[in-house]
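Data block for entry.pdb (PDB, C-alpha atoms, pLDDT in the B column):
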ATOM      1  CA  MET I   1     180.802  86.456  -8.313  1.00 57.00           C
ATOM      2  CA  LEU I   2     180.756  89.067 -10.989  1.00 52.00           C
ATOM      3  CA  LYS I   3     177.056  88.761 -11.256  1.00 56.00           C
ATOM      4  CA  VAL I   4     176.743  89.319  -7.556  1.00 57.00           C
ATOM      5  CA  LEU I   5     178.962  92.424  -7.499  1.00 61.00           C
ATOM      6  CA  MET I   6     177.505  93.997 -10.602  1.00 66.00           C
ATOM      7  CA  PRO I   7     174.229  95.081  -9.070  1.00 66.00           C
ATOM      8  CA  VAL I   8     176.107  96.469  -6.072  1.00 63.00           C
ATOM      9  CA  VAL I   9     178.423  98.487  -8.269  1.00 64.00           C
ATOM     10  CA  ILE I  10     175.514  99.744 -10.331  1.00 68.00           C
ATOM     11  CA  ALA I  11     173.698 100.660  -7.165  1.00 67.00           C
ATOM     12  CA  HIS I  12     176.698 102.544  -5.904  1.00 66.00           C
ATOM     13  CA  VAL I  13     177.110 104.282  -9.240  1.00 68.00           C
ATOM     14  CA  VAL I  14     173.473 105.273  -9.216  1.00 69.00           C
ATOM     15  CA  VAL I  15     173.750 106.489  -5.662  1.00 68.00           C
ATOM     16  CA  LEU I  16     176.904 108.387  -6.568  1.00 72.00           C
ATOM     17  CA  VAL I  17     175.220 109.938  -9.555  1.00 69.00           C
ATOM     18  CA  LEU I  18     172.271 110.891  -7.432  1.00 72.00           C
ATOM     19  CA  LEU I  19     174.603 112.359  -4.842  1.00 72.00           C
ATOM     20  CA  VAL I  20     176.427 114.286  -7.509  1.00 69.00           C
ATOM     21  CA  VAL I  21     173.118 115.562  -8.902  1.00 69.00           C
ATOM     22  CA  VAL I  22     171.882 116.502  -5.443  1.00 70.00           C
ATOM     23  CA  ILE I  23     175.153 118.152  -4.548  1.00 72.00           C
ATOM     24  CA  ARG I  24     175.141 120.065  -7.837  1.00 71.00           C
ATOM     25  CA  ARG I  25     171.602 121.218  -7.190  1.00 70.00           C
ATOM     26  CA  ILE I  26     172.507 122.227  -3.688  1.00 72.00           C
ATOM     27  CA  LEU I  27     175.637 123.993  -4.888  1.00 67.00           C
ATOM     28  CA  SER I  28     173.716 125.587  -7.713  1.00 70.00           C
ATOM     29  CA  ALA I  29     171.043 126.837  -5.338  1.00 68.00           C
ATOM     30  CA  HIS I  30     173.643 128.168  -2.939  1.00 69.00           C
ATOM     31  CA  THR I  31     175.582 129.727  -5.805  1.00 71.00           C
ATOM     32  CA  THR I  32     172.411 131.338  -7.149  1.00 76.00           C
ATOM     33  CA  ARG I  33     171.542 132.699  -3.739  1.00 76.00           C
ATOM     34  CA  ALA I  34     175.114 133.855  -3.253  1.00 71.00           C
ATOM     35  CA  ILE I  35     175.154 135.521  -6.646  1.00 77.00           C
ATOM     36  CA  GLU I  36     171.820 137.118  -5.845  1.00 80.00           C
ATOM     37  CA  GLN I  37     173.129 138.278  -2.526  1.00 79.00           C
ATOM     38  CA  VAL I  38     176.279 139.612  -4.199  1.00 76.00           C
ATOM     39  CA  ARG I  39     174.107 141.384  -6.742  1.00 81.00           C
ATOM     40  CA  GLN I  40     171.955 142.837  -3.933  1.00 84.00           C
ATOM     41  CA  VAL I  41     175.095 143.895  -2.113  1.00 79.00           C
ATOM     42  CA  GLU I  42     176.470 145.445  -5.297  1.00 80.00           C
ATOM     43  CA  THR I  43     173.163 147.203  -5.860  1.00 83.00           C
ATOM     44  CA  GLU I  44     173.169 148.506  -2.316  1.00 83.00           C
ATOM     45  CA  VAL I  45     176.791 149.527  -2.668  1.00 81.00           C
ATOM     46  CA  ARG I  46     176.006 151.309  -5.906  1.00 84.00           C
ATOM     47  CA  LYS I  47     173.046 153.020  -4.235  1.00 84.00           C
ATOM     48  CA  LYS I  48     175.250 154.046  -1.324  1.00 84.00           C
ATOM     49  CA  GLU I  49     177.954 155.189  -3.727  1.00 83.00           C
ATOM     50  CA  GLU I  50     175.359 157.190  -5.670  1.00 86.00           C
ATOM     51  CA  GLY I  51     174.050 158.690  -2.443  1.00 84.00           C
ATOM     52  CA  LEU I  52     177.570 159.493  -1.334  1.00 86.00           C
ATOM     53  CA  ARG I  53     178.352 160.943  -4.735  1.00 86.00           C
ATOM     54  CA  ARG I  54     175.225 163.113  -4.596  1.00 87.00           C
ATOM     55  CA  GLN I  55     176.092 164.189  -1.073  1.00 88.00           C
ATOM     56  CA  ILE I  56     179.640 164.984  -2.127  1.00 88.00           C
ATOM     57  CA  GLU I  57     178.376 166.924  -5.148  1.00 86.00           C
ATOM     58  CA  GLU I  58     175.855 168.732  -2.957  1.00 87.00           C
ATOM     59  CA  HIS I  59     178.538 169.531  -0.410  1.00 87.00           C
ATOM     60  CA  GLU I  60     180.810 170.720  -3.198  1.00 87.00           C
ATOM     61  CA  ARG I  61     178.022 172.907  -4.586  1.00 87.00           C
ATOM     62  CA  ASP I  62     177.334 174.277  -1.116  1.00 88.00           C
ATOM     63  CA  LEU I  63     181.029 174.817  -0.570  1.00 88.00           C
ATOM     64  CA  THR I  64     181.364 176.513  -3.958  1.00 88.00           C
ATOM     65  CA  GLN I  65     178.320 178.694  -3.275  1.00 90.00           C
ATOM     66  CA  LYS I  66     179.545 179.622   0.206  1.00 89.00           C
ATOM     67  CA  LYS I  67     182.981 180.307  -1.214  1.00 87.00           C
ATOM     68  CA  GLN I  68     181.486 182.557  -3.889  1.00 89.00           C
ATOM     69  CA  GLU I  69     179.301 184.294  -1.317  1.00 89.00           C
ATOM     70  CA  ALA I  70     182.298 184.756   0.986  1.00 89.00           C
ATOM     71  CA  GLU I  71     184.386 186.109  -1.891  1.00 89.00           C
ATOM     72  CA  ALA I  72     181.553 188.429  -2.933  1.00 89.00           C
ATOM     73  CA  GLN I  73     181.112 189.642   0.649  1.00 90.00           C
ATOM     74  CA  LEU I  74     184.862 190.079   0.999  1.00 89.00           C
ATOM     75  CA  GLN I  75     184.915 192.045  -2.245  1.00 90.00           C
ATOM     76  CA  ARG I  76     182.025 194.229  -1.041  1.00 90.00           C
ATOM     77  CA  GLN I  77     183.766 194.823   2.272  1.00 90.00           C
ATOM     78  CA  LYS I  78     186.981 195.617   0.442  1.00 88.00           C
ATOM     79  CA  GLU I  79     185.203 198.086  -1.853  1.00 89.00           C
ATOM     80  CA  GLU I  80     183.388 199.650   1.109  1.00 90.00           C
ATOM     81  CA  ALA I  81     186.669 199.897   3.010  1.00 88.00           C
ATOM     82  CA  GLU I  82     188.295 201.532  -0.025  1.00 88.00           C
ATOM     83  CA  ARG I  83     185.398 203.990  -0.290  1.00 89.00           C
ATOM     84  CA  GLU I  84     185.635 204.720   3.429  1.00 89.00           C
ATOM     85  CA  VAL I  85     189.385 205.216   3.130  1.00 87.00           C
ATOM     86  CA  GLY I  86     188.750 207.512   0.188  1.00 87.00           C
ATOM     87  CA  ARG I  87     186.192 209.510   2.153  1.00 88.00           C
ATOM     88  CA  LEU I  88     188.520 209.733   5.138  1.00 88.00           C
ATOM     89  CA  ARG I  89     191.387 210.765   2.860  1.00 87.00           C
ATOM     90  CA  GLU I  90     189.249 213.459   1.266  1.00 88.00           C
ATOM     91  CA  GLN I  91     188.004 214.576   4.686  1.00 89.00           C
ATOM     92  CA  ILE I  92     191.504 214.684   6.137  1.00 88.00           C
ATOM     93  CA  THR I  93     192.810 216.459   3.037  1.00 87.00           C
ATOM     94  CA  ALA I  94     189.994 219.002   3.156  1.00 87.00           C
ATOM     95  CA  GLU I  95     190.485 219.535   6.888  1.00 88.00           C
ATOM     96  CA  ALA I  96     194.245 219.875   6.456  1.00 86.00           C
ATOM     97  CA  LYS I  97     193.695 222.299   3.586  1.00 86.00           C
ATOM     98  CA  ARG I  98     191.204 224.297   5.647  1.00 87.00           C
ATOM     99  CA  GLN I  99     193.555 224.419   8.623  1.00 87.00           C
ATOM    100  CA  GLY I 100     196.445 225.320   6.342  1.00 84.00           C
ATOM    101  CA  GLU I 101     194.398 228.153   4.846  1.00 86.00           C
ATOM    102  CA  GLN I 102     193.433 229.307   8.336  1.00 87.00           C
ATOM    103  CA  ILE I 103     197.045 229.189   9.469  1.00 87.00           C
ATOM    104  CA  LEU I 104     198.137 231.036   6.336  1.00 85.00           C
ATOM    105  CA  GLU I 105     195.386 233.597   6.744  1.00 86.00           C
ATOM    106  CA  GLN I 106     196.249 234.033  10.412  1.00 86.00           C
ATOM    107  CA  ALA I 107     199.918 234.358   9.486  1.00 82.00           C
ATOM    108  CA  LYS I 108     199.008 236.993   6.913  1.00 83.00           C
ATOM    109  CA  ARG I 109     196.915 238.856   9.470  1.00 83.00           C
ATOM    110  CA  ASN I 110     199.697 238.587  12.014  1.00 82.00           C
ATOM    111  CA  GLU I 111     202.189 239.738   9.404  1.00 79.00           C
ATOM    112  CA  ALA I 112     199.987 242.674   8.422  1.00 79.00           C
ATOM    113  CA  SER I 113     199.369 243.534  12.073  1.00 82.00           C
ATOM    114  CA  LEU I 114     203.065 243.225  12.886  1.00 80.00           C
ATOM    115  CA  ARG I 115     204.011 245.279   9.831  1.00 78.00           C
ATOM    116  CA  GLN I 116     201.484 247.912  10.803  1.00 78.00           C
ATOM    117  CA  GLN I 117     202.745 247.899  14.377  1.00 80.00           C
ATOM    118  CA  LEU I 118     206.366 248.158  13.256  1.00 76.00           C
ATOM    119  CA  THR I 119     205.452 250.907  10.824  1.00 74.00           C
ATOM    120  CA  GLN I 120     203.617 252.789  13.529  1.00 76.00           C
ATOM    121  CA  GLU I 121     206.512 252.353  15.942  1.00 76.00           C
ATOM    122  CA  ALA I 122     208.949 253.472  13.254  1.00 74.00           C
ATOM    123  CA  GLU I 123     206.836 256.528  12.526  1.00 72.00           C
ATOM    124  CA  GLU I 124     206.615 257.338  16.219  1.00 75.00           C
ATOM    125  CA  LYS I 125     210.371 256.964  16.569  1.00 79.00           C
ATOM    126  CA  ALA I 126     210.892 259.116  13.492  1.00 73.00           C
ATOM    127  CA  VAL I 127     208.633 261.774  14.992  1.00 73.00           C
ATOM    128  CA  ASP I 128     210.509 261.508  18.298  1.00 75.00           C
ATOM    129  CA  TYR I 129     213.857 261.815  16.536  1.00 77.00           C
ATOM    130  CA  ALA I 130     212.604 264.759  14.533  1.00 72.00           C
ATOM    131  CA  GLY I 131     211.328 266.417  17.710  1.00 71.00           C
ATOM    132  CA  GLN I 132     214.604 265.802  19.509  1.00 76.00           C
ATOM    133  CA  THR I 133     216.501 267.162  16.519  1.00 79.00           C
ATOM    134  CA  PHE I 134     214.218 270.212  16.432  1.00 71.00           C
ATOM    135  CA  GLN I 135     214.796 270.874  20.117  1.00 73.00           C
ATOM    136  CA  LEU I 136     218.550 270.492  19.681  1.00 76.00           C
ATOM    137  CA  VAL I 137     218.965 272.763  16.670  1.00 77.00           C
ATOM    138  CA  VAL I 138     216.256 275.364  17.392  1.00 75.00           C
ATOM    139  CA  SER I 139     216.769 277.912  20.128  1.00 79.00           C
ATOM    140  CA  GLU I 140     214.138 278.597  22.766  1.00 80.00           C
ATOM    141  CA  LYS I 141     213.467 282.038  21.269  1.00 82.00           C
ATOM    142  CA  LEU I 142     212.935 280.600  17.795  1.00 83.00           C
ATOM    143  CA  SER I 143     210.829 277.780  19.219  1.00 81.00           C
ATOM    144  CA  ALA I 144     208.584 280.317  20.983  1.00 81.00           C
ATOM    145  CA  ALA I 145     208.249 282.296  17.743  1.00 83.00           C
ATOM    146  CA  ILE I 146     207.304 279.126  15.844  1.00 82.00           C
ATOM    147  CA  ASN I 147     204.774 278.283  18.552  1.00 81.00           C
ATOM    148  CA  GLN I 148     203.303 281.766  18.163  1.00 84.00           C
ATOM    149  CA  VAL I 149     202.880 281.262  14.425  1.00 83.00           C
ATOM    150  CA  PHE I 150     201.362 277.786  14.815  1.00 80.00           C
ATOM    151  CA  THR I 151     198.953 278.935  17.518  1.00 82.00           C
ATOM    152  CA  ASP I 152     197.808 281.913  15.468  1.00 82.00           C
ATOM    153  CA  GLU I 153     197.258 279.654  12.453  1.00 82.00           C
ATOM    154  CA  LEU I 154     195.111 277.296  14.578  1.00 80.00           C
ATOM    155  CA  LEU I 155     193.063 280.213  15.886  1.00 81.00           C
ATOM    156  CA  ASP I 156     192.628 281.502  12.319  1.00 82.00           C
ATOM    157  CA  ALA I 157     191.478 278.057  11.217  1.00 79.00           C
ATOM    158  CA  LEU I 158     189.118 277.827  14.200  1.00 77.00           C
ATOM    159  CA  GLU I 159     187.514 281.104  13.172  1.00 78.00           C
ATOM    160  CA  GLN I 160     186.819 279.638   9.719  1.00 79.00           C
ATOM    161  CA  VAL I 161     185.137 276.473  11.095  1.00 72.00           C
ATOM    162  CA  ASP I 162     181.443 276.075  10.224  1.00 69.00           C
ATOM    163  CA  SER I 163     180.019 275.765  13.717  1.00 66.00           C
ATOM    164  CA  THR I 164     176.497 274.887  12.519  1.00 64.00           C
ATOM    165  CA  SER I 165     177.534 271.268  11.900  1.00 60.00           C
ATOM    166  CA  LEU I 166     179.394 270.935  15.231  1.00 61.00           C
ATOM    167  CA  THR I 167     178.127 270.520  18.748  1.00 63.00           C
ATOM    168  CA  VAL I 168     180.359 271.145  21.754  1.00 62.00           C
ATOM    169  CA  GLU I 169     179.531 268.907  24.704  1.00 62.00           C
ATOM    170  CA  GLY I 170     180.877 269.502  28.179  1.00 59.00           C
ATOM    171  CA  ASP I 171     181.673 272.589  30.181  1.00 61.00           C
ATOM    172  CA  GLN I 172     185.432 272.777  29.761  1.00 65.00           C
ATOM    173  CA  ALA I 173     187.869 273.511  26.952  1.00 74.00           C
ATOM    174  CA  GLN I 174     191.344 272.044  27.203  1.00 81.00           C
ATOM    175  CA  PHE I 175     194.372 272.833  25.139  1.00 82.00           C
ATOM    176  CA  VAL I 176     197.865 271.372  25.118  1.00 87.00           C
ATOM    177  CA  THR I 177     200.684 273.635  23.981  1.00 87.00           C
ATOM    178  CA  SER I 178     204.481 273.627  23.925  1.00 85.00           C
ATOM    179  CA  HIS I 179     204.607 277.115  25.448  1.00 85.00           C
ATOM    180  CA  PRO I 180     202.175 278.961  27.683  1.00 86.00           C
ATOM    181  CA  LEU I 181     199.676 281.080  25.802  1.00 82.00           C
ATOM    182  CA  THR I 182     200.063 284.806  25.899  1.00 83.00           C
ATOM    183  CA  PRO I 183     197.191 286.740  27.490  1.00 85.00           C
ATOM    184  CA  ALA I 184     196.193 287.931  24.008  1.00 85.00           C
ATOM    185  CA  GLN I 185     196.092 284.393  22.634  1.00 83.00           C
ATOM    186  CA  ARG I 186     194.049 283.137  25.615  1.00 82.00           C
ATOM    187  CA  GLU I 187     191.576 286.020  25.251  1.00 84.00           C
ATOM    188  CA  ARG I 188     191.265 285.427  21.530  1.00 84.00           C
ATOM    189  CA  LEU I 189     190.740 281.668  22.080  1.00 81.00           C
ATOM    190  CA  GLU I 190     187.973 282.210  24.629  1.00 81.00           C
ATOM    191  CA  GLN I 191     186.339 284.790  22.351  1.00 83.00           C
ATOM    192  CA  VAL I 192     186.408 282.449  19.341  1.00 80.00           C
ATOM    193  CA  ILE I 193     184.908 279.597  21.361  1.00 78.00           C
ATOM    194  CA  GLU I 194     182.103 281.772  22.688  1.00 79.00           C
ATOM    195  CA  GLU I 195     181.318 283.324  19.274  1.00 78.00           C
ATOM    196  CA  LYS I 196     181.500 280.104  17.292  1.00 75.00           C
ATOM    197  CA  PHE I 197     179.790 277.695  19.651  1.00 72.00           C
ATOM    198  CA  GLY I 198     177.761 279.998  21.876  1.00 72.00           C
ATOM    199  CA  VAL I 199     179.183 278.558  25.064  1.00 69.00           C
ATOM    200  CA  ASN I 200     181.254 280.019  27.836  1.00 72.00           C
ATOM    201  CA  LEU I 201     183.769 277.320  28.766  1.00 68.00           C
ATOM    202  CA  LYS I 202     186.520 277.174  31.299  1.00 70.00           C
ATOM    203  CA  VAL I 203     189.820 276.905  29.506  1.00 71.00           C
ATOM    204  CA  ALA I 204     192.401 274.523  31.008  1.00 80.00           C
ATOM    205  CA  GLU I 205     195.969 274.891  29.764  1.00 84.00           C
ATOM    206  CA  ILE I 206     198.544 272.042  29.723  1.00 87.00           C
ATOM    207  CA  VAL I 207     202.137 272.740  28.677  1.00 89.00           C
ATOM    208  CA  LYS I 208     203.978 269.870  26.965  1.00 87.00           C
ATOM    209  CA  PRO I 209     207.262 270.812  25.240  1.00 85.00           C
ATOM    210  CA  GLU I 210     207.240 267.542  23.264  1.00 84.00           C
ATOM    211  CA  VAL I 211     204.456 268.856  20.988  1.00 83.00           C
ATOM    212  CA  LEU I 212     207.201 271.254  19.712  1.00 83.00           C
ATOM    213  CA  GLY I 213     204.849 274.057  18.681  1.00 82.00           C
ATOM    214  CA  GLY I 214     201.206 274.977  18.212  1.00 81.00           C
ATOM    215  CA  MET I 215     198.537 273.336  20.345  1.00 83.00           C
ATOM    216  CA  VAL I 216     195.925 270.597  20.654  1.00 85.00           C
ATOM    217  CA  LEU I 217     192.480 272.022  21.334  1.00 81.00           C
ATOM    218  CA  LYS I 218     189.803 269.849  22.971  1.00 81.00           C
ATOM    219  CA  LEU I 219     186.264 271.157  23.044  1.00 75.00           C
ATOM    220  CA  GLY I 220     184.139 268.515  24.704  1.00 68.00           C
ATOM    221  CA  SER I 221     184.240 265.526  22.342  1.00 69.00           C
ATOM    222  CA  MET I 222     185.856 267.561  19.524  1.00 74.00           C
ATOM    223  CA  GLU I 223     189.647 267.627  19.184  1.00 79.00           C
ATOM    224  CA  ILE I 224     191.760 269.780  16.852  1.00 82.00           C
ATOM    225  CA  ASP I 225     195.489 269.015  16.608  1.00 83.00           C
ATOM    226  CA  GLY I 226     197.502 271.933  15.242  1.00 81.00           C
ATOM    227  CA  THR I 227     200.890 271.050  16.698  1.00 83.00           C
ATOM    228  CA  MET I 228     204.213 270.844  14.909  1.00 83.00           C
ATOM    229  CA  ARG I 229     204.518 267.242  16.067  1.00 84.00           C
ATOM    230  CA  ALA I 230     201.295 266.376  14.233  1.00 84.00           C
ATOM    231  CA  ARG I 231     202.571 268.108  11.087  1.00 83.00           C
ATOM    232  CA  ILE I 232     205.855 266.202  11.247  1.00 82.00           C
ATOM    233  CA  GLN I 233     203.886 262.966  11.565  1.00 81.00           C
ATOM    234  CA  GLU I 234     201.751 263.900   8.556  1.00 83.00           C
ATOM    235  CA  ALA I 235     204.895 264.766   6.583  1.00 80.00           C
ATOM    236  CA  ILE I 236     206.425 261.380   7.391  1.00 78.00           C
ATOM    237  CA  GLY I 237     203.211 259.714   6.181  1.00 77.00           C
ATOM    238  CA  GLU I 238     203.338 261.663   2.929  1.00 78.00           C
ATOM    239  CA  VAL I 239     207.001 260.769   2.424  1.00 76.00           C
ATOM    240  CA  LYS I 240     206.161 257.118   3.005  1.00 72.00           C
ATOM    241  CA  LYS I 241     203.359 257.279   0.411  1.00 74.00           C
ATOM    242  CA  SER I 242     205.657 258.928  -2.131  1.00 72.00           C
ATOM    243  CA  THR I 243     208.313 256.213  -1.651  1.00 68.00           C
ATOM    244  CA  ARG I 244     205.719 253.518  -2.390  1.00 62.00           C
ATOM    245  CA  THR I 245     204.836 255.100  -5.708  1.00 58.00           C
TER     246      THR I 245
END

Can the structure in the file be given as structure tokens, please?
Amino acid sequence: MLKVLMPVVIAHVVVLVLLVVVIRRILSAHTTRAIEQVRQVETEVRKKEEGLRRQIEEHERDLTQKKQEAEAQLQRQKEEAEREVGRLREQITAEAKRQGEQILEQAKRNEASLRQQLTQEAEEKAVDYAGQTFQLVVSEKLSAAINQVFTDELLDALEQVDSTSLTVEGDQAQFVTSHPLTPAQRERLEQVIEEKFGVNLKVAEIVKPEVLGGMVLKLGSMEIDGTMRARIQEAIGEVKKSTRT
């Protein structure tokens, strides 16, 4: 019995061993292929990781470069804006200064013009007050005597005028006086005009008491003011000059 079973057992053991060997070979082949596949997958993964890493690095470099370029452009724009603001500030300051100087200059001119106007008005009022005072305190007889003296002085001065440097234009002589001329004064005036200027003019007389005394003589474009009012005005001007000094 044992002898009969022994070959069967050995056969089974051999078959089992063969199966084990075959299975091991199969498993080994599969394992090798699997390991190879895993290695290929790992290699591909590493390649993909390397590619991704390079892409990430490239993107980071691009991002860094773009960031630097943006910062540089922003800095340039900021500097340009600051320069523009500086130019505008200087322009506005210069314009404001120019306008301020113009306003100040205009104010000075206005002040000078107003001062001159007020001074002139004050002088005119002073002359008016002096004339009114003269008329109040001086009698008509004394006023006529003063007018006589002033008129004679003007005629004396007219006789001393160098007529060679003067030209009388027009055909009429006009004089303004505070009192009517006497016939002798009129005759003397006409004689002086004819002798000095070689013309025979019609003499027009205008009486204005406000000139106080003397007369204003107009020969064409030439005018000679020998009135008391003019002398009072000159005196006020001299007093004003003396007060300044």

| said: Which residues, named as in the file, does the PyMOL selection byres ((chain I and resi 226) around 9) pick out? Answer as a PyMOL selection string. | reply: chain I and resi 150-151+153-154+213-217+224-225+227-231

Keeping only C-alpha atoms, write those residues as a JSON list (two decimals), keeping the file's coordinate frame.
[["chain", "number", "residue", "atom", "x", "y", "z"],
["I", 150, "PHE", "CA", 201.36, 277.79, 14.82],
["I", 151, "THR", "CA", 198.95, 278.94, 17.52],
["I", 153, "GLU", "CA", 197.26, 279.65, 12.45],
["I", 154, "LEU", "CA", 195.11, 277.30, 14.58],
["I", 213, "GLY", "CA", 204.85, 274.06, 18.68],
["I", 214, "GLY", "CA", 201.21, 274.98, 18.21],
["I", 215, "MET", "CA", 198.54, 273.34, 20.34],
["I", 216, "VAL", "CA", 195.92, 270.60, 20.65],
["I", 217, "LEU", "CA", 192.48, 272.02, 21.33],
["I", 224, "ILE", "CA", 191.76, 269.78, 16.85],
["I", 225, "ASP", "CA", 195.49, 269.02, 16.61],
["I", 227, "THR", "CA", 200.89, 271.05, 16.70],
["I", 228, "MET", "CA", 204.21, 270.84, 14.91],
["I", 229, "ARG", "CA", 204.52, 267.24, 16.07],
["I", 230, "ALA", "CA", 201.30, 266.38, 14.23],
["I", 231, "ARG", "CA", 202.57, 268.11, 11.09]]

Taking only residues of range 146-222 of chain I that have an atom at most 12 Å from an atom of range 124-130 of chain I, what is each one's shortest atom pair and its distance in Å to one decimal, using only C-alpha atoms, in chain and number order, as a Markdown table?
| residue | atom | partner | partner_atom | distance |
| --- | --- | --- | --- | --- |
| I:Glu210 | CA | I:Asp128 | CA | 8.5 |
| I:Val211 | CA | I:Asp128 | CA | 9.9 |
| I:Leu212 | CA | I:Ala130 | CA | 9.9 |

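The gap separating CA of Lys241 in chain I from CA of Val176 in chain I is 29.0 Å, in Å to one decimal.
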
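CA of Phe197 in chain I lies 13.1 Å from CA of Lys218 in chain I.
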
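Note that CA of Ala173 in chain I and CA of Met222 in chain I are 9.7 Å apart.
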
Hey, what's within 12 Å of Ala122 in chain I if we count only C-alpha atoms and toss same-chain stuff fewer than 6 positions away? As a compact mmCIF listing (two decimals) with C-alpha atoms, in the coordinates of the input, please?
# COMPACT_ATOMS: atom_id res chain seq x y z
CA LEU I 114 203.06 243.22 12.89
CA ARG I 115 204.01 245.28 9.83
CA GLN I 116 201.48 247.91 10.80
CA ASP I 128 210.51 261.51 18.30
CA TYR I 129 213.86 261.82 16.54
CA ALA I 130 212.60 264.76 14.53
CA GLN I 233 203.89 262.97 11.56
CA ILE I 236 206.42 261.38 7.39
CA GLY I 237 203.21 259.71 6.18
CA LYS I 240 206.16 257.12 3.00
